[in-house]
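> My structure is in my_file.cif, and what it holds is mmCIF, N, CA and C atoms:
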data_run
loop_
_atom_site.label_atom_id
_atom_site.label_comp_id
_atom_site.auth_asym_id
_atom_site.auth_seq_id
_atom_site.Cartn_x
_atom_site.Cartn_y
_atom_site.Cartn_z
N MET A 281 2.33 -13.81 22.42
CA MET A 281 1.19 -14.05 21.58
C MET A 281 0.34 -15.19 22.13
N PRO A 282 -0.01 -15.14 23.38
CA PRO A 282 -0.79 -16.24 23.92
C PRO A 282 -2.14 -16.35 23.23
N HIS A 283 -2.54 -17.56 22.98
CA HIS A 283 -3.86 -17.89 22.44
C HIS A 283 -4.08 -17.44 20.99
N MET A 284 -3.05 -17.01 20.28
CA MET A 284 -3.21 -16.62 18.89
C MET A 284 -3.14 -17.81 17.96
N VAL A 285 -2.59 -18.91 18.49
CA VAL A 285 -2.45 -20.13 17.72
C VAL A 285 -2.92 -21.28 18.59
N ALA A 286 -3.63 -22.21 17.97
CA ALA A 286 -4.08 -23.40 18.70
C ALA A 286 -3.62 -24.64 17.93
N GLU A 287 -3.46 -25.73 18.65
CA GLU A 287 -3.07 -26.98 18.01
C GLU A 287 -4.30 -27.87 17.90
N GLU A 288 -4.53 -28.36 16.70
CA GLU A 288 -5.64 -29.28 16.45
C GLU A 288 -5.29 -30.68 16.95
N SER A 289 -6.26 -31.56 17.01
CA SER A 289 -6.02 -32.93 17.49
C SER A 289 -5.04 -33.68 16.60
N ASP A 290 -4.94 -33.28 15.31
CA ASP A 290 -4.01 -33.95 14.40
C ASP A 290 -2.61 -33.33 14.44
N GLY A 291 -2.41 -32.36 15.34
CA GLY A 291 -1.10 -31.73 15.50
C GLY A 291 -0.88 -30.50 14.65
N LYS A 292 -1.79 -30.22 13.73
CA LYS A 292 -1.64 -29.03 12.89
C LYS A 292 -1.99 -27.78 13.68
N LEU A 293 -1.32 -26.69 13.36
CA LEU A 293 -1.61 -25.42 14.01
C LEU A 293 -2.67 -24.67 13.23
N ARG A 294 -3.45 -23.89 13.94
CA ARG A 294 -4.44 -23.02 13.30
C ARG A 294 -4.42 -21.69 14.01
N VAL A 295 -4.71 -20.65 13.25
CA VAL A 295 -4.79 -19.32 13.83
C VAL A 295 -6.13 -19.21 14.57
N THR A 296 -6.14 -18.47 15.65
CA THR A 296 -7.38 -18.26 16.40
C THR A 296 -7.87 -16.83 16.15
N SER A 297 -9.08 -16.57 16.55
CA SER A 297 -9.64 -15.24 16.37
C SER A 297 -8.87 -14.19 17.19
N ALA A 298 -8.18 -14.61 18.24
CA ALA A 298 -7.39 -13.67 19.04
C ALA A 298 -6.30 -13.01 18.21
N ALA A 299 -5.84 -13.68 17.17
CA ALA A 299 -4.83 -13.10 16.29
C ALA A 299 -5.42 -12.02 15.40
N LEU A 300 -6.72 -12.03 15.22
CA LEU A 300 -7.38 -11.09 14.32
C LEU A 300 -8.04 -9.93 15.05
N ILE A 301 -8.33 -10.11 16.32
CA ILE A 301 -9.08 -9.11 17.08
C ILE A 301 -8.14 -8.37 18.02
N ARG A 302 -8.00 -7.08 17.81
CA ARG A 302 -7.17 -6.26 18.69
C ARG A 302 -8.07 -5.29 19.43
N LYS A 303 -7.77 -5.09 20.67
CA LYS A 303 -8.57 -4.20 21.50
C LYS A 303 -8.64 -2.82 20.85
N GLY A 304 -9.84 -2.29 20.78
CA GLY A 304 -10.04 -0.96 20.23
C GLY A 304 -10.17 -0.91 18.72
N GLU A 305 -10.05 -2.06 18.05
CA GLU A 305 -10.19 -2.10 16.60
C GLU A 305 -11.41 -2.91 16.22
N THR A 306 -12.01 -2.55 15.10
CA THR A 306 -13.17 -3.28 14.61
C THR A 306 -12.77 -4.39 13.66
N GLY A 307 -11.82 -4.10 12.78
CA GLY A 307 -11.40 -5.07 11.78
C GLY A 307 -10.02 -5.61 12.06
N CYS A 308 -9.52 -6.38 11.10
CA CYS A 308 -8.16 -6.90 11.25
C CYS A 308 -7.33 -6.49 10.04
N SER A 309 -6.06 -6.21 10.30
CA SER A 309 -5.13 -5.81 9.25
C SER A 309 -4.72 -7.02 8.44
N VAL A 310 -4.66 -6.82 7.13
CA VAL A 310 -4.21 -7.86 6.20
C VAL A 310 -3.37 -7.19 5.12
N SER A 311 -2.72 -7.99 4.33
CA SER A 311 -2.05 -7.51 3.13
C SER A 311 -2.65 -8.27 1.95
N VAL A 312 -3.02 -7.55 0.91
CA VAL A 312 -3.59 -8.15 -0.29
C VAL A 312 -2.44 -8.65 -1.15
N GLN A 313 -2.36 -9.96 -1.31
CA GLN A 313 -1.21 -10.57 -1.97
C GLN A 313 -0.96 -10.01 -3.36
N SER A 314 -2.00 -9.79 -4.13
CA SER A 314 -1.80 -9.29 -5.50
C SER A 314 -1.24 -7.87 -5.52
N ARG A 315 -1.27 -7.17 -4.40
CA ARG A 315 -0.75 -5.80 -4.32
C ARG A 315 0.64 -5.73 -3.70
N LEU A 316 1.19 -6.88 -3.30
CA LEU A 316 2.54 -6.91 -2.74
C LEU A 316 3.57 -6.59 -3.82
N PRO A 317 4.73 -6.05 -3.44
CA PRO A 317 5.77 -5.80 -4.44
C PRO A 317 6.11 -7.05 -5.26
N ASP A 318 6.13 -8.20 -4.61
CA ASP A 318 6.31 -9.48 -5.30
C ASP A 318 5.22 -10.44 -4.82
N PRO A 319 4.10 -10.50 -5.54
CA PRO A 319 2.98 -11.35 -5.11
C PRO A 319 3.35 -12.83 -4.96
N GLU A 320 4.42 -13.25 -5.59
CA GLU A 320 4.85 -14.65 -5.49
C GLU A 320 5.69 -14.91 -4.24
N ALA A 321 5.97 -13.85 -3.48
CA ALA A 321 6.82 -13.99 -2.28
C ALA A 321 6.13 -13.35 -1.07
N PRO A 322 4.98 -13.88 -0.64
CA PRO A 322 4.28 -13.27 0.49
C PRO A 322 5.06 -13.31 1.80
N LEU A 323 6.00 -14.22 1.92
CA LEU A 323 6.78 -14.29 3.16
C LEU A 323 7.72 -13.10 3.32
N ASP A 324 7.91 -12.32 2.24
CA ASP A 324 8.70 -11.10 2.36
C ASP A 324 8.08 -10.13 3.35
N LEU A 325 6.78 -10.30 3.63
CA LEU A 325 6.10 -9.45 4.62
C LEU A 325 6.77 -9.54 5.99
N LEU A 326 7.43 -10.64 6.25
CA LEU A 326 8.04 -10.87 7.56
C LEU A 326 9.39 -10.19 7.73
N GLU A 327 9.89 -9.56 6.68
CA GLU A 327 11.18 -8.90 6.78
C GLU A 327 11.17 -7.86 7.90
N GLY A 328 12.12 -7.99 8.79
CA GLY A 328 12.22 -7.07 9.92
C GLY A 328 11.46 -7.53 11.16
N PHE A 329 10.75 -8.64 11.06
CA PHE A 329 10.02 -9.17 12.20
C PHE A 329 10.73 -10.41 12.74
N PRO A 330 10.42 -10.82 13.97
CA PRO A 330 11.09 -12.00 14.54
C PRO A 330 10.90 -13.25 13.68
N GLU A 331 11.92 -14.08 13.65
CA GLU A 331 11.86 -15.32 12.87
C GLU A 331 10.80 -16.29 13.38
N THR A 332 10.32 -16.07 14.58
CA THR A 332 9.32 -16.96 15.16
C THR A 332 7.92 -16.71 14.58
N TRP A 333 7.72 -15.60 13.89
CA TRP A 333 6.39 -15.25 13.38
C TRP A 333 5.98 -16.14 12.21
N GLY A 334 4.68 -16.33 12.08
CA GLY A 334 4.13 -17.07 10.96
C GLY A 334 3.26 -16.17 10.11
N VAL A 335 2.77 -16.72 9.00
CA VAL A 335 1.88 -15.99 8.10
C VAL A 335 0.72 -16.90 7.73
N VAL A 336 -0.49 -16.35 7.81
CA VAL A 336 -1.68 -17.09 7.39
C VAL A 336 -2.26 -16.43 6.15
N ALA A 337 -3.07 -17.19 5.44
CA ALA A 337 -3.70 -16.68 4.21
C ALA A 337 -5.13 -17.15 4.13
N CYS A 338 -5.91 -16.41 3.37
CA CYS A 338 -7.25 -16.82 2.99
C CYS A 338 -7.59 -16.08 1.71
N THR A 339 -8.61 -16.50 1.04
CA THR A 339 -9.02 -15.82 -0.18
C THR A 339 -9.85 -14.59 0.17
N ALA A 340 -9.94 -13.67 -0.77
CA ALA A 340 -10.81 -12.50 -0.57
C ALA A 340 -12.26 -12.96 -0.45
N GLY A 341 -12.62 -14.01 -1.16
CA GLY A 341 -13.98 -14.55 -1.05
C GLY A 341 -14.29 -15.03 0.35
N ALA A 342 -13.32 -15.68 0.98
CA ALA A 342 -13.51 -16.13 2.36
C ALA A 342 -13.62 -14.93 3.29
N ALA A 343 -12.84 -13.90 3.01
CA ALA A 343 -12.89 -12.71 3.86
C ALA A 343 -14.24 -12.02 3.73
N ARG A 344 -14.78 -11.98 2.53
CA ARG A 344 -16.08 -11.32 2.32
C ARG A 344 -17.25 -12.21 2.73
N ASP A 345 -17.14 -13.50 2.50
CA ASP A 345 -18.11 -14.52 2.90
C ASP A 345 -19.57 -14.05 2.84
N HIS A 346 -20.07 -13.92 1.64
CA HIS A 346 -21.48 -13.56 1.42
C HIS A 346 -21.88 -12.25 2.08
N GLY A 347 -20.98 -11.29 2.06
CA GLY A 347 -21.30 -9.97 2.60
C GLY A 347 -21.17 -9.84 4.10
N GLU A 348 -20.62 -10.87 4.76
CA GLU A 348 -20.48 -10.80 6.22
C GLU A 348 -19.40 -9.82 6.66
N ARG A 349 -18.38 -9.65 5.79
CA ARG A 349 -17.28 -8.72 6.06
C ARG A 349 -16.95 -8.00 4.76
N ARG A 350 -16.26 -6.87 4.88
CA ARG A 350 -15.79 -6.18 3.69
C ARG A 350 -14.27 -6.00 3.79
N VAL A 351 -13.63 -5.92 2.65
CA VAL A 351 -12.19 -5.71 2.58
C VAL A 351 -11.97 -4.29 2.06
N VAL A 352 -11.30 -3.47 2.87
CA VAL A 352 -11.09 -2.05 2.54
C VAL A 352 -9.60 -1.78 2.44
N GLY A 353 -9.17 -1.30 1.28
CA GLY A 353 -7.76 -0.95 1.10
C GLY A 353 -7.38 0.22 1.98
N ARG A 354 -6.29 0.06 2.72
CA ARG A 354 -5.77 1.13 3.57
C ARG A 354 -4.24 1.13 3.46
N PRO A 355 -3.72 1.51 2.27
CA PRO A 355 -2.27 1.47 2.08
C PRO A 355 -1.53 2.28 3.14
N GLU A 356 -0.38 1.76 3.53
CA GLU A 356 0.49 2.43 4.49
C GLU A 356 1.82 2.70 3.81
N ASP A 357 2.59 3.63 4.34
CA ASP A 357 3.88 3.97 3.74
C ASP A 357 4.78 2.76 3.57
N ASN A 358 4.80 1.88 4.57
CA ASN A 358 5.68 0.72 4.53
C ASN A 358 5.01 -0.53 3.97
N ASN A 359 3.71 -0.43 3.61
CA ASN A 359 2.99 -1.58 3.06
C ASN A 359 1.82 -1.08 2.21
N LEU A 360 2.09 -0.92 0.93
CA LEU A 360 1.04 -0.44 0.02
C LEU A 360 -0.06 -1.48 -0.19
N ALA A 361 0.19 -2.72 0.20
CA ALA A 361 -0.80 -3.79 0.07
C ALA A 361 -1.71 -3.89 1.30
N HIS A 362 -1.52 -3.02 2.29
CA HIS A 362 -2.29 -3.09 3.53
C HIS A 362 -3.77 -2.84 3.27
N ALA A 363 -4.59 -3.62 3.96
CA ALA A 363 -6.05 -3.47 3.91
C ALA A 363 -6.60 -3.91 5.26
N GLU A 364 -7.88 -3.71 5.45
CA GLU A 364 -8.55 -4.18 6.65
C GLU A 364 -9.76 -5.01 6.26
N VAL A 365 -9.95 -6.09 7.00
CA VAL A 365 -11.17 -6.90 6.87
C VAL A 365 -12.06 -6.45 8.01
N ILE A 366 -13.22 -5.90 7.66
CA ILE A 366 -14.11 -5.31 8.65
C ILE A 366 -15.44 -6.03 8.67
N PRO A 367 -15.82 -6.58 9.81
CA PRO A 367 -17.12 -7.25 9.91
C PRO A 367 -18.25 -6.23 9.73
N ASN A 368 -19.32 -6.64 9.07
CA ASN A 368 -20.49 -5.77 8.89
C ASN A 368 -21.42 -5.81 10.09
N ALA A 369 -21.15 -6.68 11.05
CA ALA A 369 -21.98 -6.79 12.25
C ALA A 369 -21.88 -5.53 13.08
N SER A 370 -22.95 -5.21 13.80
CA SER A 370 -22.96 -3.98 14.59
C SER A 370 -22.45 -4.16 16.02
N SER A 371 -22.73 -5.28 16.65
CA SER A 371 -22.30 -5.47 18.03
C SER A 371 -20.89 -6.07 18.08
N ARG A 372 -20.16 -5.77 19.15
CA ARG A 372 -18.81 -6.30 19.32
C ARG A 372 -18.84 -7.83 19.36
N LYS A 373 -19.83 -8.39 20.00
CA LYS A 373 -19.95 -9.84 20.08
C LYS A 373 -20.10 -10.45 18.68
N GLU A 374 -20.93 -9.85 17.84
CA GLU A 374 -21.12 -10.35 16.49
C GLU A 374 -19.87 -10.14 15.64
N GLN A 375 -19.16 -9.03 15.86
CA GLN A 375 -17.91 -8.79 15.14
C GLN A 375 -16.88 -9.87 15.48
N LYS A 376 -16.76 -10.18 16.76
CA LYS A 376 -15.83 -11.23 17.19
C LYS A 376 -16.21 -12.58 16.58
N ARG A 377 -17.50 -12.87 16.55
CA ARG A 377 -17.98 -14.13 15.96
C ARG A 377 -17.62 -14.18 14.48
N SER A 378 -17.77 -13.05 13.80
CA SER A 378 -17.45 -12.97 12.38
C SER A 378 -15.96 -13.21 12.13
N LEU A 379 -15.10 -12.61 12.95
CA LEU A 379 -13.66 -12.79 12.77
C LEU A 379 -13.24 -14.20 13.19
N LYS A 380 -13.94 -14.80 14.13
CA LYS A 380 -13.67 -16.19 14.49
C LYS A 380 -13.94 -17.11 13.29
N ALA A 381 -15.06 -16.85 12.60
CA ALA A 381 -15.39 -17.64 11.41
C ALA A 381 -14.33 -17.46 10.33
N LEU A 382 -13.82 -16.24 10.20
CA LEU A 382 -12.75 -16.00 9.23
C LEU A 382 -11.48 -16.74 9.62
N ALA A 383 -11.11 -16.70 10.89
CA ALA A 383 -9.91 -17.40 11.36
C ALA A 383 -9.98 -18.89 11.04
N GLU A 384 -11.16 -19.46 11.13
CA GLU A 384 -11.34 -20.88 10.85
C GLU A 384 -11.12 -21.21 9.38
N ARG A 385 -11.19 -20.22 8.52
CA ARG A 385 -11.00 -20.44 7.08
C ARG A 385 -9.58 -20.12 6.62
N MET A 386 -8.75 -19.65 7.54
CA MET A 386 -7.37 -19.31 7.19
C MET A 386 -6.48 -20.54 7.32
N HIS A 387 -5.37 -20.49 6.60
CA HIS A 387 -4.37 -21.57 6.69
C HIS A 387 -2.98 -20.94 6.73
N PHE A 388 -2.07 -21.64 7.37
CA PHE A 388 -0.71 -21.14 7.47
C PHE A 388 0.03 -21.37 6.16
N ILE A 389 0.72 -20.34 5.70
CA ILE A 389 1.69 -20.54 4.62
C ILE A 389 3.09 -20.63 5.21
N ARG A 390 3.23 -20.17 6.44
CA ARG A 390 4.41 -20.44 7.26
C ARG A 390 3.96 -20.45 8.71
N GLU A 391 4.16 -21.58 9.36
CA GLU A 391 3.77 -21.70 10.76
C GLU A 391 4.75 -20.94 11.64
N PRO A 392 4.25 -20.40 12.76
CA PRO A 392 5.17 -19.77 13.71
C PRO A 392 6.04 -20.84 14.34
N VAL A 393 7.17 -20.41 14.86
CA VAL A 393 8.11 -21.32 15.49
C VAL A 393 8.05 -21.10 16.98
N PHE A 394 7.79 -22.18 17.70
CA PHE A 394 7.73 -22.10 19.16
C PHE A 394 8.89 -22.89 19.72
N GLY A 395 9.55 -22.31 20.70
CA GLY A 395 10.67 -22.99 21.35
C GLY A 395 10.41 -23.03 22.84
N GLY A 396 11.38 -22.57 23.59
CA GLY A 396 11.26 -22.53 25.05
C GLY A 396 10.26 -21.47 25.48
N PRO A 397 10.10 -21.29 26.77
CA PRO A 397 9.11 -20.36 27.29
C PRO A 397 9.35 -18.91 26.86
N ASN A 398 10.58 -18.57 26.49
CA ASN A 398 10.88 -17.19 26.09
C ASN A 398 11.09 -17.05 24.58
N ALA A 399 10.71 -18.05 23.80
CA ALA A 399 10.96 -18.04 22.36
C ALA A 399 10.30 -16.85 21.69
N LEU A 400 9.10 -16.51 22.09
CA LEU A 400 8.40 -15.40 21.45
C LEU A 400 8.94 -14.05 21.89
N LEU A 401 9.76 -14.05 22.91
CA LEU A 401 10.37 -12.80 23.38
C LEU A 401 11.71 -12.54 22.71
N GLY A 402 12.12 -13.47 21.86
CA GLY A 402 13.39 -13.31 21.16
C GLY A 402 14.60 -13.66 22.00
N GLU A 403 14.39 -14.42 23.06
CA GLU A 403 15.51 -14.79 23.94
C GLU A 403 15.97 -16.19 23.63
#
Show me this structure written as structure tokens.

Amino acid sequence: MPHMVAEESDGKLRVTSAALIRKGETGCSVSVQSRLPDPEAPLDLLEGFPETWGVVACTAGAARDHGERRVVGRPEDNNLAHAEVIPNASSRKEQKRSLKALAERMHFIREPVFGGPNALLGE
């Protein structure tokens, strides 16, 4: 996960737009907390994933940000809370800029764990 997390000057971690932008996709996948099986336990989303993973959050208002992006429900078999945040911008450059602005408004509810050079590989 290179470049998906950056360290601020105060030592806090922040998610980068690279975590939100996947090649070939316009929007980014999210889970709507109020639609989770247990909305009070958002970290349950990590079940089955490596312990090194983190979780970020933002409000729906931040995701929509004055009509800059829309949130579209796209339930999946294994995640009924799944949705996509889709920038309303037409060009790829503007879409990336929009998701970068969203990343700046997100905060970690659980930071990822980094260890040795192979920590993210599960070794």
> Translate the PyMOL selection byres (((chain A and resi 358-369 and name CA) around 12) and name CA), as applied to the file shown, into an explicit residue set as number ranges by chain.
A: 300-301, 305-319, 322, 324-328, 338-357, 370-383
> Between atom CA of A:Met386 and atom CA of A:Val336, what is the distance in Å, rounded to a tenth?
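Those two atoms sit 6.1 Å apart.
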> Mind the document's chain letters and residue numbers, and return as a list in words the residues of stretch 299-357 of chain A that DSSP labels strand (DSSP E).
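Here are the strand (DSSP E) residues of stretch 299-357 of chain A: Cys308, Ser309, Val310, Ser311, Val335, Val336, Ala337, Arg349, Arg350, Val351, Val352 and Gly353 of chain A.
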> Taking only chain A into account, list the residues labelled helix (DSSP H, G or I) by DSSP (computed from the backbone), as a ChimeraX atom specification.
/A:297-299,313-315,322-326,340-344,372-384,399-401
> So that I have them on file, write out the residues from the current selection with N, CA and C atoms, as a short mmCIF file (atom, residue, chain, number, x, y, z; two decimals), in the coordinates of the input.

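Final output, again13.cif:
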data_model
loop_
_atom_site.label_atom_id
_atom_site.label_comp_id
_atom_site.auth_asym_id
_atom_site.auth_seq_id
_atom_site.Cartn_x
_atom_site.Cartn_y
_atom_site.Cartn_z
N SER A 297 -9.08 -16.57 16.55
CA SER A 297 -9.64 -15.24 16.37
C SER A 297 -8.87 -14.19 17.19
N ALA A 298 -8.18 -14.61 18.24
CA ALA A 298 -7.39 -13.67 19.04
C ALA A 298 -6.30 -13.01 18.21
N ALA A 299 -5.84 -13.68 17.17
CA ALA A 299 -4.83 -13.10 16.29
C ALA A 299 -5.42 -12.02 15.40
N GLN A 313 -2.36 -9.96 -1.31
CA GLN A 313 -1.21 -10.57 -1.97
C GLN A 313 -0.96 -10.01 -3.36
N SER A 314 -2.00 -9.79 -4.13
CA SER A 314 -1.80 -9.29 -5.50
C SER A 314 -1.24 -7.87 -5.52
N ARG A 315 -1.27 -7.17 -4.40
CA ARG A 315 -0.75 -5.80 -4.32
C ARG A 315 0.64 -5.73 -3.70
N PRO A 322 4.98 -13.88 -0.64
CA PRO A 322 4.28 -13.27 0.49
C PRO A 322 5.06 -13.31 1.80
N LEU A 323 6.00 -14.22 1.92
CA LEU A 323 6.78 -14.29 3.16
C LEU A 323 7.72 -13.10 3.32
N ASP A 324 7.91 -12.32 2.24
CA ASP A 324 8.70 -11.10 2.36
C ASP A 324 8.08 -10.13 3.35
N LEU A 325 6.78 -10.30 3.63
CA LEU A 325 6.10 -9.45 4.62
C LEU A 325 6.77 -9.54 5.99
N LEU A 326 7.43 -10.64 6.25
CA LEU A 326 8.04 -10.87 7.56
C LEU A 326 9.39 -10.19 7.73
N ALA A 340 -9.94 -13.67 -0.77
CA ALA A 340 -10.81 -12.50 -0.57
C ALA A 340 -12.26 -12.96 -0.45
N GLY A 341 -12.62 -14.01 -1.16
CA GLY A 341 -13.98 -14.55 -1.05
C GLY A 341 -14.29 -15.03 0.35
N ALA A 342 -13.32 -15.68 0.98
CA ALA A 342 -13.51 -16.13 2.36
C ALA A 342 -13.62 -14.93 3.29
N ALA A 343 -12.84 -13.90 3.01
CA ALA A 343 -12.89 -12.71 3.86
C ALA A 343 -14.24 -12.02 3.73
N ARG A 344 -14.78 -11.98 2.53
CA ARG A 344 -16.08 -11.32 2.32
C ARG A 344 -17.25 -12.21 2.73
N ARG A 372 -20.16 -5.77 19.15
CA ARG A 372 -18.81 -6.30 19.32
C ARG A 372 -18.84 -7.83 19.36
N LYS A 373 -19.83 -8.39 20.00
CA LYS A 373 -19.95 -9.84 20.08
C LYS A 373 -20.10 -10.45 18.68
N GLU A 374 -20.93 -9.85 17.84
CA GLU A 374 -21.12 -10.35 16.49
C GLU A 374 -19.87 -10.14 15.64
N GLN A 375 -19.16 -9.03 15.86
CA GLN A 375 -17.91 -8.79 15.14
C GLN A 375 -16.88 -9.87 15.48
N LYS A 376 -16.76 -10.18 16.76
CA LYS A 376 -15.83 -11.23 17.19
C LYS A 376 -16.21 -12.58 16.58
N ARG A 377 -17.50 -12.87 16.55
CA ARG A 377 -17.98 -14.13 15.96
C ARG A 377 -17.62 -14.18 14.48
N SER A 378 -17.77 -13.05 13.80
CA SER A 378 -17.45 -12.97 12.38
C SER A 378 -15.96 -13.21 12.13
N LEU A 379 -15.10 -12.61 12.95
CA LEU A 379 -13.66 -12.79 12.77
C LEU A 379 -13.24 -14.20 13.19
N LYS A 380 -13.94 -14.80 14.13
CA LYS A 380 -13.67 -16.19 14.49
C LYS A 380 -13.94 -17.11 13.29
N ALA A 381 -15.06 -16.85 12.60
CA ALA A 381 -15.39 -17.64 11.41
C ALA A 381 -14.33 -17.46 10.33
N LEU A 382 -13.82 -16.24 10.20
CA LEU A 382 -12.75 -16.00 9.23
C LEU A 382 -11.48 -16.74 9.62
N ALA A 383 -11.11 -16.70 10.89
CA ALA A 383 -9.91 -17.40 11.36
C ALA A 383 -9.98 -18.89 11.04
N GLU A 384 -11.16 -19.46 11.13
CA GLU A 384 -11.34 -20.88 10.85
C GLU A 384 -11.12 -21.21 9.38
N ALA A 399 10.71 -18.05 23.80
CA ALA A 399 10.96 -18.04 22.36
C ALA A 399 10.30 -16.85 21.69
N LEU A 400 9.10 -16.51 22.09
CA LEU A 400 8.40 -15.40 21.45
C LEU A 400 8.94 -14.05 21.89
N LEU A 401 9.76 -14.05 22.91
CA LEU A 401 10.37 -12.80 23.38
C LEU A 401 11.71 -12.54 22.71
#
> Anything within 6.5 Å of (3.0, -24.2, 15.7): list those residues as number ranges by chain, counting all atoms listed in the file and sticking to the file's coordinates.
A: 292-293, 391-394
> For a quick check of understanding, using only N, CA and C atoms, which of A:Ala321, A:Ala337, A:Ala299, A:Val285 has the smallest distance to A:Arg385?
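Among the listed residues, the smallest separation from A:Arg385 belongs to A:Ala337.
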> Calculate how many Å separate atom N of A:Met284 from atom N of A:Glu320, rounding to one decimal.
27.2 Å
> Name the residues in contact with A:His283 at a cut-off of 8 Å, using only N, CA and C atoms, excluding same-chain residues fewer than 4 positions from it; report them as a PyMOL selection string.
chain A and resi 295-299
> Emit the selected residues as a PDB file, keeping the file's coordinate frame, including N, CA and C atoms.

ATOM      1  N   VAL A 295      -4.710 -20.650  13.250  1.00  0.00           N
ATOM      2  CA  VAL A 295      -4.790 -19.320  13.830  1.00  0.00           C
ATOM      3  C   VAL A 295      -6.130 -19.210  14.570  1.00  0.00           C
ATOM      4  N   THR A 296      -6.140 -18.470  15.650  1.00  0.00           N
ATOM      5  CA  THR A 296      -7.380 -18.260  16.400  1.00  0.00           C
ATOM      6  C   THR A 296      -7.870 -16.830  16.150  1.00  0.00           C
ATOM      7  N   SER A 297      -9.080 -16.570  16.550  1.00  0.00           N
ATOM      8  CA  SER A 297      -9.640 -15.240  16.370  1.00  0.00           C
ATOM      9  C   SER A 297      -8.870 -14.190  17.190  1.00  0.00           C
ATOM     10  N   ALA A 298      -8.180 -14.610  18.240  1.00  0.00           N
ATOM     11  CA  ALA A 298      -7.390 -13.670  19.040  1.00  0.00           C
ATOM     12  C   ALA A 298      -6.300 -13.010  18.210  1.00  0.00           C
ATOM     13  N   ALA A 299      -5.840 -13.680  17.170  1.00  0.00           N
ATOM     14  CA  ALA A 299      -4.830 -13.100  16.290  1.00  0.00           C
ATOM     15  C   ALA A 299      -5.420 -12.020  15.400  1.00  0.00           C
TER      16      ALA A 299
END
> State, in Å with one decimal place, the distance from atom C of A:Arg302 to atom N of A:Leu323.
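Computed distance, atom C of A:Arg302 to atom N of A:Leu323, equals 24.2 Å.
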> From the options A:Ser289, A:Lys303, A:Ile389, A:Glu384, which residue's atoms come nearest to A:Gly334, counting only C-alpha atoms?
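Comparing A:Ser289, A:Lys303, A:Ile389, A:Glu384 against A:Gly334, the winner is A:Ile389.
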